[in-house]
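Here's the structure we're looking at; comments come further down.
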Amino acid sequence: MIVHSLGYKTDLIINRFAGVISNHGSCISVHTPSNPKWHWGNYVLFERAPNEGDLAQWRTKFEETVGILPNVEHYMFGWDTSDGYLGNVYPLIAKGFQISTDTVLTAANVVMPVNFDHDLIIRPITQDWEWEAIFENQIACLDQDYPAESTIRRKRLNMNMYRQMTDAGLGTWFGAIVDGRIVGDLGIFVGDGLGRFQMVGTHPQYRRRGICSTLVYYASCFAFERLNARKLVLVADPTYHAILIYESLGFSRTELQVRASRSQLYS
């Protein structure tokens, strides 16, 4: 199976570093032994949307390739389409699956935002204390007063992975600093000329000040000039306000990425 959708193709940049990717012809399985509860690190990607009668076969394929691993307690399916076609998802919904559709935005060049903050300090993250500050900022960006312990643990594992990826030279993580405090951050990783953004976040107390747009613009220019990216990819919730920020920088809605997930395996 050859992956065509930009969303999943760039997801595999991340999955390839920490996980195991196996090609089964009509599907690809991904699993991340170091982070088994991470849905985006443990899933099966099929070449088409589901049809009537597929659920049993898809369940079996997941259980045989991903679900056999210790501590994997969910199902997650994706399909390699770019137009948002759902197929026949009703049998999945009936079994407790949630269907999600994200917008894939791309840019071959970017424009400076009108609210570009020339005083904002932006720099690559390299030191231990900076990575810890990034972790704390990411937790704050969850917009939850008391995130679940499992959520915090999964976030810690993800940030450790991103640090290892930057240390390996696969990309760069940036922090935006105001008064000595990291209040925004993101990562960008490149494979085969495609640059994929990860975890764009601005602290809730510092939003609507141009920090996000300035940070994304800065990182985009860096990726084009220093990381040999030819096209940049962002995946965003179509209902979230940040998508308008990305469009103002020159990103355009290019594809739709669909997935189905269920938090518990069948008993």
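Residues are named by chain letter and number: chains run A, B, ... in the order of the structure tokens, numbers start at 1 in each chain, and ligands are numbered from 1 in the order shown.
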Considering only C-alpha atoms, give me a table of residues in segment 86-185 of chain A that are at most 7 Å from segment 45-64 of chain A, with the closest atom pair and distance in Å for each, as JSON lines.
{"residue": "A:Leu86", "atom": "CA", "partner": "A:Ala49", "partner_atom": "CA", "distance": 6.0}
{"residue": "A:Gly87", "atom": "CA", "partner": "A:Ala49", "partner_atom": "CA", "distance": 5.0}
{"residue": "A:Asn88", "atom": "CA", "partner": "A:Asn51", "partner_atom": "CA", "distance": 5.1}
{"residue": "A:Val89", "atom": "CA", "partner": "A:Pro50", "partner_atom": "CA", "distance": 6.5}
{"residue": "A:Leu92", "atom": "CA", "partner": "A:Leu55", "partner_atom": "CA", "distance": 6.7}
Next, the residues of the selection above should be written as a compact mmCIF listing (two decimals), in the first residue's frame with N, CA and C atoms.
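Result file is selection.txt:
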# COMPACT_ATOMS: atom_id res chain seq x y z
N LEU A 86 -16.75 9.37 3.98
CA LEU A 86 -16.88 8.55 5.18
C LEU A 86 -17.10 7.08 4.89
N GLY A 87 -17.69 6.77 3.75
CA GLY A 87 -18.08 5.39 3.51
C GLY A 87 -19.24 5.01 4.40
N ASN A 88 -19.36 3.73 4.67
CA ASN A 88 -20.44 3.25 5.52
C ASN A 88 -19.93 3.15 6.96
N VAL A 89 -20.08 4.22 7.71
CA VAL A 89 -19.57 4.26 9.08
C VAL A 89 -20.62 3.88 10.12
N LEU A 92 -19.81 1.10 12.52
CA LEU A 92 -18.80 1.51 13.49
C LEU A 92 -19.43 2.35 14.59
Determine, using only C-alpha atoms, which residues of segment 10-56 of chain A have any atom at most 10 Å from an atom of segment 155-165 of chain A, and tabulate each with its shortest atom pair and distance in Å to one decimal place, rows ordered by chain and then rising number, as JSON lines.
{"residue": "A:Ile14", "atom": "CA", "partner": "A:Met165", "partner_atom": "CA", "distance": 8.4}
{"residue": "A:Phe17", "atom": "CA", "partner": "A:Met165", "partner_atom": "CA", "distance": 7.2}
{"residue": "A:Ala18", "atom": "CA", "partner": "A:Met161", "partner_atom": "CA", "distance": 7.0}
{"residue": "A:Ser34", "atom": "CA", "partner": "A:Leu157", "partner_atom": "CA", "distance": 7.9}
{"residue": "A:Asn35", "atom": "CA", "partner": "A:Leu157", "partner_atom": "CA", "distance": 6.7}
{"residue": "A:Trp38", "atom": "CA", "partner": "A:Asn158", "partner_atom": "CA", "distance": 8.4}
{"residue": "A:Gly41", "atom": "CA", "partner": "A:Asn158", "partner_atom": "CA", "distance": 9.7}
Show which residues sit within 7 Å of Leu120 of chain A, as a PyMOL selection string. Count only C-alpha atoms, and ignore same-chain residues fewer than 3 positions away. chain A and resi 117+176-178
Within segment 13-197 of chain A, find each residue whose DSSP state, derived from the backbone, is helix (DSSP H, G or I), and express the selection as a VMD selection string. chain A and resid 13 to 18 39 to 41 54 to 65 90 to 94 128 to 140 149 to 167
Requested write-out: C-alpha atoms of the selected residues, as a compact mmCIF listing (two decimals), in the first residue's frame:
# COMPACT_ATOMS: atom_id res chain seq x y z
CA ILE A 13 7.06 10.94 9.52
CA ILE A 14 6.36 10.96 13.24
CA ASN A 15 5.28 7.32 13.49
CA ARG A 16 8.39 6.09 11.68
CA PHE A 17 10.71 7.52 14.31
CA ALA A 18 9.31 5.92 17.47
CA HIS A 39 -4.10 6.65 19.49
CA TRP A 40 -2.09 8.40 16.75
CA GLY A 41 0.81 6.04 17.42
CA ASP A 54 -15.79 -4.38 6.85
CA LEU A 55 -15.93 -3.83 10.61
CA ALA A 56 -15.29 -7.44 11.59
CA GLN A 57 -12.30 -7.68 9.24
CA TRP A 58 -10.92 -4.32 10.36
CA ARG A 59 -11.26 -5.31 14.02
CA THR A 60 -9.42 -8.55 13.37
CA LYS A 61 -6.62 -6.81 11.50
CA PHE A 62 -6.18 -4.32 14.34
CA GLU A 63 -6.22 -7.04 16.98
CA GLU A 64 -3.68 -9.13 15.07
CA THR A 65 -1.25 -6.30 14.36
CA TYR A 90 -22.91 3.37 10.65
CA PRO A 91 -21.82 -0.11 11.80
CA LEU A 92 -18.80 1.51 13.49
CA ILE A 93 -20.93 4.15 15.19
CA ALA A 94 -23.30 1.43 16.40
CA ASP A 128 16.45 20.71 29.72
CA TRP A 129 14.63 23.58 31.43
CA GLU A 130 13.22 24.75 28.09
CA TRP A 131 11.80 21.32 27.33
CA GLU A 132 10.22 21.21 30.77
CA ALA A 133 8.70 24.65 30.14
CA ILE A 134 7.38 23.40 26.80
CA PHE A 135 5.75 20.46 28.54
CA GLU A 136 4.09 22.77 31.06
CA ASN A 137 2.87 25.04 28.27
CA GLN A 138 1.38 22.09 26.41
CA ILE A 139 -0.49 21.01 29.55
CA ALA A 140 -1.83 24.57 29.96
CA GLU A 149 -3.21 11.65 35.00
CA SER A 150 -3.26 9.41 31.93
CA THR A 151 -3.41 12.49 29.69
CA ILE A 152 -0.43 14.05 31.42
CA ARG A 153 1.53 10.81 31.20
CA ARG A 154 0.78 10.45 27.49
CA LYS A 155 1.76 14.07 26.86
CA ARG A 156 5.05 13.49 28.66
CA LEU A 157 5.82 10.49 26.48
CA ASN A 158 4.95 12.45 23.34
CA MET A 159 7.16 15.39 24.28
CA ASN A 160 10.05 13.04 25.08
CA MET A 161 9.63 11.58 21.59
CA TYR A 162 9.63 15.00 19.96
CA ARG A 163 12.80 15.92 21.83
CA GLN A 164 14.48 12.75 20.58
CA MET A 165 13.40 13.60 17.04
CA THR A 166 14.90 17.08 17.24
CA ASP A 167 18.08 15.65 18.74
Compile the contact shell of Ala108 of chain A as an MDAnalysis selection string: residues with an atom at most 12 Å away, counting only C-alpha atoms, same-chain residues fewer than 3 positions apart removed. chainID A and resid 105 111 193:195 220:221 223:224 228:234 249:252 254
Keeping only N, CA and C atoms, write those residues as a PDB file, in the first residue's frame.
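Contents of the output file again-v8.pdb:
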ATOM      1  N   LEU A 105      -4.284  21.479   5.892  1.00  0.00           N
ATOM      2  CA  LEU A 105      -3.923  22.723   5.224  1.00  0.00           C
ATOM      3  C   LEU A 105      -2.483  22.622   4.722  1.00  0.00           C
ATOM      4  N   VAL A 111       2.961  34.180   4.019  1.00  0.00           N
ATOM      5  CA  VAL A 111       2.990  35.644   4.042  1.00  0.00           C
ATOM      6  C   VAL A 111       3.052  36.102   5.499  1.00  0.00           C
ATOM      7  N   GLY A 193      10.678  16.337   1.725  1.00  0.00           N
ATOM      8  CA  GLY A 193      10.278  17.679   1.323  1.00  0.00           C
ATOM      9  C   GLY A 193       8.994  18.174   1.932  1.00  0.00           C
ATOM     10  N   LEU A 194       8.319  17.352   2.732  1.00  0.00           N
ATOM     11  CA  LEU A 194       7.073  17.750   3.388  1.00  0.00           C
ATOM     12  C   LEU A 194       7.366  18.107   4.842  1.00  0.00           C
ATOM     13  N   GLY A 195       6.979  19.303   5.245  1.00  0.00           N
ATOM     14  CA  GLY A 195       7.158  19.721   6.620  1.00  0.00           C
ATOM     15  C   GLY A 195       5.839  19.629   7.369  1.00  0.00           C
ATOM     16  N   SER A 220       7.700  28.485   9.723  1.00  0.00           N
ATOM     17  CA  SER A 220       7.516  28.164   8.307  1.00  0.00           C
ATOM     18  C   SER A 220       8.709  28.639   7.490  1.00  0.00           C
ATOM     19  N   CYS A 221       9.116  29.879   7.722  1.00  0.00           N
ATOM     20  CA  CYS A 221      10.281  30.413   7.001  1.00  0.00           C
ATOM     21  C   CYS A 221      11.527  29.594   7.304  1.00  0.00           C
ATOM     22  N   ALA A 223      11.636  26.432   8.131  1.00  0.00           N
ATOM     23  CA  ALA A 223      11.526  25.131   7.478  1.00  0.00           C
ATOM     24  C   ALA A 223      11.866  25.220   5.994  1.00  0.00           C
ATOM     25  N   PHE A 224      11.407  26.270   5.330  1.00  0.00           N
ATOM     26  CA  PHE A 224      11.734  26.445   3.920  1.00  0.00           C
ATOM     27  C   PHE A 224      13.226  26.701   3.726  1.00  0.00           C
ATOM     28  N   ASN A 228      14.894  22.419   4.252  1.00  0.00           N
ATOM     29  CA  ASN A 228      14.671  21.924   2.882  1.00  0.00           C
ATOM     30  C   ASN A 228      13.228  21.463   2.645  1.00  0.00           C
ATOM     31  N   ALA A 229      12.283  22.089   3.322  1.00  0.00           N
ATOM     32  CA  ALA A 229      10.880  21.778   3.070  1.00  0.00           C
ATOM     33  C   ALA A 229      10.414  22.461   1.796  1.00  0.00           C
ATOM     34  N   ARG A 230       9.630  21.750   1.007  1.00  0.00           N
ATOM     35  CA  ARG A 230       9.037  22.336  -0.204  1.00  0.00           C
ATOM     36  C   ARG A 230       7.554  22.648  -0.013  1.00  0.00           C
ATOM     37  N   LYS A 231       6.928  21.914   0.880  1.00  0.00           N
ATOM     38  CA  LYS A 231       5.517  22.139   1.188  1.00  0.00           C
ATOM     39  C   LYS A 231       5.319  21.901   2.675  1.00  0.00           C
ATOM     40  N   LEU A 232       4.485  22.744   3.295  1.00  0.00           N
ATOM     41  CA  LEU A 232       4.195  22.618   4.711  1.00  0.00           C
ATOM     42  C   LEU A 232       2.778  22.090   4.911  1.00  0.00           C
ATOM     43  N   VAL A 233       2.608  21.271   5.939  1.00  0.00           N
ATOM     44  CA  VAL A 233       1.321  20.632   6.210  1.00  0.00           C
ATOM     45  C   VAL A 233       0.920  20.896   7.654  1.00  0.00           C
ATOM     46  N   LEU A 234      -0.302  21.345   7.831  1.00  0.00           N
ATOM     47  CA  LEU A 234      -0.924  21.531   9.137  1.00  0.00           C
ATOM     48  C   LEU A 234      -2.238  20.758   9.153  1.00  0.00           C
ATOM     49  N   LEU A 249      -1.978  33.227   6.955  1.00  0.00           N
ATOM     50  CA  LEU A 249      -0.547  33.136   6.655  1.00  0.00           C
ATOM     51  C   LEU A 249      -0.281  32.556   5.270  1.00  0.00           C
ATOM     52  N   GLY A 250      -1.324  32.147   4.583  1.00  0.00           N
ATOM     53  CA  GLY A 250      -1.149  31.596   3.249  1.00  0.00           C
ATOM     54  C   GLY A 250      -1.429  30.115   3.127  1.00  0.00           C
ATOM     55  N   PHE A 251      -1.806  29.462   4.224  1.00  0.00           N
ATOM     56  CA  PHE A 251      -2.186  28.052   4.164  1.00  0.00           C
ATOM     57  C   PHE A 251      -3.583  27.935   3.567  1.00  0.00           C
ATOM     58  N   SER A 252      -3.802  26.895   2.798  1.00  0.00           N
ATOM     59  CA  SER A 252      -5.114  26.675   2.193  1.00  0.00           C
ATOM     60  C   SER A 252      -5.629  25.286   2.551  1.00  0.00           C
ATOM     61  N   THR A 254      -6.739  21.906   1.906  1.00  0.00           N
ATOM     62  CA  THR A 254      -6.400  21.057   0.762  1.00  0.00           C
ATOM     63  C   THR A 254      -7.087  19.705   0.805  1.00  0.00           C
TER      64      THR A 254
END
Who sits within 12 Å of segment 240-245 of chain A, only C-alpha atoms, same chain under 6 positions skipped, as a ChimeraX atom specification: /A:102-106,110-116,200-202,207-217,234,251-253
Looking only at strand (DSSP E) from DSSP on the backbone, list the matching residues of segment 83-229 of chain A as a PyMOL selection string. chain A and resi 98-107+121-124+171-178+181-191+194-202
Saved selection, atoms kept: N, CA and C atoms, as a compact mmCIF listing (two decimals), in the first residue's frame:
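Writing the result to out_33.txt gives the following:
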# COMPACT_ATOMS: atom_id res chain seq x y z
N GLN A 98 -16.14 6.66 17.47
CA GLN A 98 -16.31 8.08 17.18
C GLN A 98 -15.64 8.38 15.84
N ILE A 99 -16.34 9.09 14.99
CA ILE A 99 -15.81 9.45 13.67
C ILE A 99 -15.37 10.90 13.72
N SER A 100 -14.14 11.17 13.30
CA SER A 100 -13.60 12.52 13.33
C SER A 100 -13.05 12.89 11.97
N THR A 101 -13.26 14.13 11.58
CA THR A 101 -12.74 14.65 10.32
C THR A 101 -11.96 15.92 10.59
N ASP A 102 -10.69 15.93 10.21
CA ASP A 102 -9.84 17.10 10.38
C ASP A 102 -9.52 17.71 9.02
N THR A 103 -9.18 18.99 9.04
CA THR A 103 -8.81 19.70 7.83
C THR A 103 -7.29 19.69 7.67
N VAL A 104 -6.84 19.34 6.49
CA VAL A 104 -5.41 19.35 6.16
C VAL A 104 -5.13 20.62 5.36
N LEU A 105 -4.28 21.48 5.89
CA LEU A 105 -3.92 22.72 5.22
C LEU A 105 -2.48 22.62 4.72
N THR A 106 -2.22 23.23 3.58
CA THR A 106 -0.87 23.19 3.01
C THR A 106 -0.46 24.58 2.53
N ALA A 107 0.85 24.77 2.45
CA ALA A 107 1.40 26.03 1.94
C ALA A 107 2.75 25.75 1.29
N ILE A 121 10.37 37.01 21.19
CA ILE A 121 11.59 36.21 21.10
C ILE A 121 11.20 34.78 20.74
N ILE A 122 11.75 34.29 19.63
CA ILE A 122 11.50 32.92 19.19
C ILE A 122 12.85 32.24 19.00
N ARG A 123 12.99 31.06 19.58
CA ARG A 123 14.25 30.34 19.40
C ARG A 123 14.02 28.84 19.48
N PRO A 124 14.92 28.06 18.86
CA PRO A 124 14.85 26.60 18.97
C PRO A 124 15.04 26.17 20.42
N GLY A 171 13.95 17.62 12.74
CA GLY A 171 13.14 18.82 12.78
C GLY A 171 13.59 19.72 13.90
N THR A 172 12.75 20.70 14.21
CA THR A 172 13.09 21.70 15.23
C THR A 172 11.85 22.02 16.04
N TRP A 173 12.06 22.23 17.35
CA TRP A 173 10.97 22.69 18.21
C TRP A 173 11.27 24.13 18.59
N PHE A 174 10.26 24.97 18.48
CA PHE A 174 10.42 26.40 18.76
C PHE A 174 9.61 26.81 19.97
N GLY A 175 10.16 27.76 20.71
CA GLY A 175 9.44 28.38 21.81
C GLY A 175 9.32 29.88 21.58
N ALA A 176 8.17 30.42 21.94
CA ALA A 176 7.95 31.87 21.90
C ALA A 176 8.01 32.39 23.33
N ILE A 177 8.83 33.41 23.56
CA ILE A 177 9.15 33.84 24.91
C ILE A 177 8.70 35.28 25.14
N VAL A 178 7.97 35.48 26.23
CA VAL A 178 7.53 36.81 26.66
C VAL A 178 7.96 36.98 28.11
N ARG A 181 9.40 34.02 29.80
CA ARG A 181 8.53 32.86 29.96
C ARG A 181 8.13 32.30 28.60
N ILE A 182 8.20 30.99 28.45
CA ILE A 182 7.75 30.36 27.21
C ILE A 182 6.22 30.29 27.24
N VAL A 183 5.59 30.99 26.30
CA VAL A 183 4.13 31.09 26.28
C VAL A 183 3.53 30.52 25.00
N GLY A 184 4.38 30.05 24.10
CA GLY A 184 3.91 29.42 22.88
C GLY A 184 4.98 28.48 22.37
N ASP A 185 4.55 27.42 21.70
CA ASP A 185 5.54 26.49 21.16
C ASP A 185 4.92 25.65 20.05
N LEU A 186 5.77 25.06 19.27
CA LEU A 186 5.38 24.15 18.20
C LEU A 186 6.61 23.40 17.72
N GLY A 187 6.36 22.30 17.03
CA GLY A 187 7.43 21.57 16.37
C GLY A 187 7.15 21.46 14.90
N ILE A 188 8.21 21.29 14.11
CA ILE A 188 8.04 21.01 12.69
C ILE A 188 9.10 19.99 12.28
N PHE A 189 8.64 18.94 11.58
CA PHE A 189 9.50 17.85 11.16
C PHE A 189 9.33 17.63 9.67
N VAL A 190 10.42 17.26 9.01
CA VAL A 190 10.43 17.21 7.55
C VAL A 190 10.84 15.82 7.07
N GLY A 191 10.11 15.35 6.06
CA GLY A 191 10.44 14.11 5.38
C GLY A 191 10.05 14.20 3.93
N LEU A 194 8.32 17.35 2.73
CA LEU A 194 7.07 17.75 3.39
C LEU A 194 7.37 18.11 4.84
N GLY A 195 6.98 19.30 5.25
CA GLY A 195 7.16 19.72 6.62
C GLY A 195 5.84 19.63 7.37
N ARG A 196 5.84 18.92 8.48
CA ARG A 196 4.60 18.71 9.24
C ARG A 196 4.70 19.39 10.61
N PHE A 197 3.76 20.28 10.87
CA PHE A 197 3.69 20.94 12.17
C PHE A 197 3.10 20.00 13.21
N GLN A 198 3.55 20.16 14.45
CA GLN A 198 3.04 19.38 15.56
C GLN A 198 2.79 20.28 16.76
N MET A 199 1.63 20.08 17.40
CA MET A 199 1.34 20.62 18.72
C MET A 199 1.47 22.14 18.82
N VAL A 200 0.92 22.87 17.87
CA VAL A 200 0.94 24.33 17.94
C VAL A 200 0.11 24.77 19.14
N GLY A 201 0.75 25.49 20.06
CA GLY A 201 0.02 25.86 21.27
C GLY A 201 0.45 27.21 21.82
N THR A 202 -0.53 28.00 22.23
CA THR A 202 -0.28 29.28 22.91
C THR A 202 -0.97 29.24 24.26
Residue contacts of Val72 of chain A (10 Å, only C-alpha atoms) excluding same-chain residues fewer than 6 positions away, as a ChimeraX atom specification: /A:31-33,35-39,42,63,66,263-265
Shell around Ser82 of chain A at 9 Å using only C-alpha atoms, local window under 6 positions removed, as a compact mmCIF listing (two decimals) with C-alpha atoms, in the first residue's frame:
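This is the output file result-v5.txt:
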# COMPACT_ATOMS: atom_id res chain seq x y z
CA HIS A 4 -1.35 9.28 -0.84
CA SER A 5 -3.15 11.58 1.61
CA LEU A 6 -0.91 14.34 2.94
CA GLY A 7 -2.32 14.07 6.44
CA VAL A 104 -5.41 19.35 6.16
CA THR A 254 -6.40 21.06 0.76
CA GLU A 255 -7.71 17.76 2.12
CA LEU A 256 -9.90 16.18 4.78
CA GLN A 257 -8.52 13.46 7.03
CA VAL A 258 -10.92 10.94 8.53
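The space separating atom CA of Tyr8 of chain A from atom CA of Trp79 of chain A comes to 8.7 Å.
From atom CA of Ala236 of chain A back to atom CA of Gly169 of chain A, the distance works out to 25.0 Å.
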